[in-house]
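The next block holds one structure in the form of structure tokens; read it before the comments.
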Amino acid sequence: MTVYVVVEMFQGVVNDVKVFFSKESASKVERAWLAEQDIKDAMGRECKAQNGTEMLMFECKVEA
């Protein structure tokens with residue numbers, strides 16, 4: 001089974017972690033976060049990331 005893990009970082013510290021069964025759900029949360037942070041393009045995202053504020057999404061296999 002594959003899950004999508006979304007990690008929100010704030011100033012280099014993990015602020016929140018969420019797990020989703022679908023990529024669409026994880027992407028929706030990411031888009032909402034980008035809008036909340038007023039990030040409109042790749043340059044804006046990179047500028048925030050330089051300060052340690054970013055949203056990361058990982059595709060992971062669940063292991064028993």
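In the structure tokens, the first chain shown is A, the next is B, and so on; residue numbers restart at 1 for each chain, and ligands run from 1 in the order shown.
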At a cut-off of 10 Å, using only C-alpha atoms, what residues contact segment 9-21 of chain A? Leave out same-chain residues fewer than 2 positions from it and give the result as a compact mmCIF listing (two decimals) with N, CA and C atoms, in the first residue's frame.
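Saved result, selection_31.txt, follows:
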# COMPACT_ATOMS: atom_id res chain seq x y z
N MET A 1 0.84 -1.17 0.00
CA MET A 1 0.00 0.00 0.00
C MET A 1 0.89 1.24 0.00
N THR A 2 0.48 2.24 -0.75
CA THR A 2 1.21 3.51 -0.82
C THR A 2 0.42 4.59 -0.09
N VAL A 3 1.12 5.41 0.70
CA VAL A 3 0.53 6.57 1.36
C VAL A 3 1.34 7.80 0.98
N TYR A 4 0.74 8.95 1.20
CA TYR A 4 1.40 10.23 0.89
C TYR A 4 1.53 11.01 2.18
N VAL A 5 2.76 11.31 2.55
CA VAL A 5 3.05 11.99 3.80
C VAL A 5 3.39 13.44 3.49
N VAL A 6 2.68 14.35 4.16
CA VAL A 6 2.91 15.78 3.99
C VAL A 6 3.52 16.31 5.28
N VAL A 7 4.69 16.95 5.17
CA VAL A 7 5.39 17.47 6.33
C VAL A 7 5.49 18.98 6.19
N LYS A 23 -2.91 10.76 -3.49
CA LYS A 23 -2.03 11.87 -3.85
C LYS A 23 -2.86 13.15 -4.02
N GLU A 24 -4.08 13.01 -4.51
CA GLU A 24 -4.94 14.18 -4.71
C GLU A 24 -5.24 14.88 -3.39
N SER A 25 -5.50 14.11 -2.34
CA SER A 25 -5.78 14.70 -1.03
C SER A 25 -4.55 15.42 -0.48
N ALA A 26 -3.39 14.80 -0.63
CA ALA A 26 -2.15 15.43 -0.16
C ALA A 26 -1.86 16.70 -0.96
N SER A 27 -2.10 16.66 -2.25
CA SER A 27 -1.86 17.83 -3.11
C SER A 27 -2.81 18.97 -2.76
N VAL A 29 -4.01 19.66 0.23
CA VAL A 29 -3.48 20.27 1.45
C VAL A 29 -2.27 21.14 1.11
N LYS A 48 10.96 31.03 0.81
CA LYS A 48 10.45 30.55 2.10
C LYS A 48 11.30 29.40 2.62
N ALA A 49 11.68 28.50 1.72
CA ALA A 49 12.47 27.34 2.11
C ALA A 49 13.83 27.74 2.65
N GLN A 50 14.40 28.81 2.12
CA GLN A 50 15.70 29.30 2.62
C GLN A 50 15.62 29.69 4.09
N ASN A 51 14.41 30.06 4.54
CA ASN A 51 14.19 30.42 5.94
C ASN A 51 13.71 29.22 6.75
N GLY A 52 13.60 28.04 6.11
CA GLY A 52 13.19 26.84 6.81
C GLY A 52 11.69 26.63 6.88
N THR A 53 10.92 27.40 6.10
CA THR A 53 9.47 27.24 6.07
C THR A 53 9.11 26.61 4.74
N GLU A 54 8.64 25.36 4.81
CA GLU A 54 8.30 24.67 3.57
C GLU A 54 7.33 23.53 3.83
N MET A 55 6.76 23.04 2.75
CA MET A 55 5.85 21.89 2.78
C MET A 55 6.47 20.83 1.90
N LEU A 56 6.69 19.66 2.47
CA LEU A 56 7.31 18.55 1.74
C LEU A 56 6.29 17.42 1.62
N MET A 57 6.27 16.76 0.48
CA MET A 57 5.37 15.63 0.28
C MET A 57 6.19 14.42 -0.16
N PHE A 58 5.94 13.29 0.50
CA PHE A 58 6.65 12.06 0.22
C PHE A 58 5.66 10.95 -0.12
N GLU A 59 6.01 10.14 -1.08
CA GLU A 59 5.24 8.94 -1.41
C GLU A 59 5.95 7.78 -0.74
N CYS A 60 5.24 7.05 0.12
CA CYS A 60 5.87 6.00 0.92
C CYS A 60 5.09 4.70 0.85
As number ranges by chain, please: every residue in chain A that DSSP puts in alpha helix (DSSP H). A: 23-36, 42-50
In Å, rounded to a single decimal, give me how far atom CA of Arg45 of chain A is from atom CA of Arg31 of chain A.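 Value for the atom CA of Arg31 of chain A-atom CA of Arg45 of chain A distance: 11.8 Å.
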Members of chain A assigned strand (DSSP E or B) by DSSP, as a list in words: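 For chain A, the strand (DSSP E or B) set is Thr2, Val3, Tyr4, Val5, Val6, Val7, Glu8, Met9, Phe10, Val13, Val14, Asn15, Asp16, Val17, Lys18, Val19, Phe20, Glu54, Met55, Leu56, Met57, Phe58, Glu59, Cys60 and Lys61 of chain A.
Going from atom CA of Ser22 of chain A to atom CA of Glu63 of chain A covers 17.0 Å.
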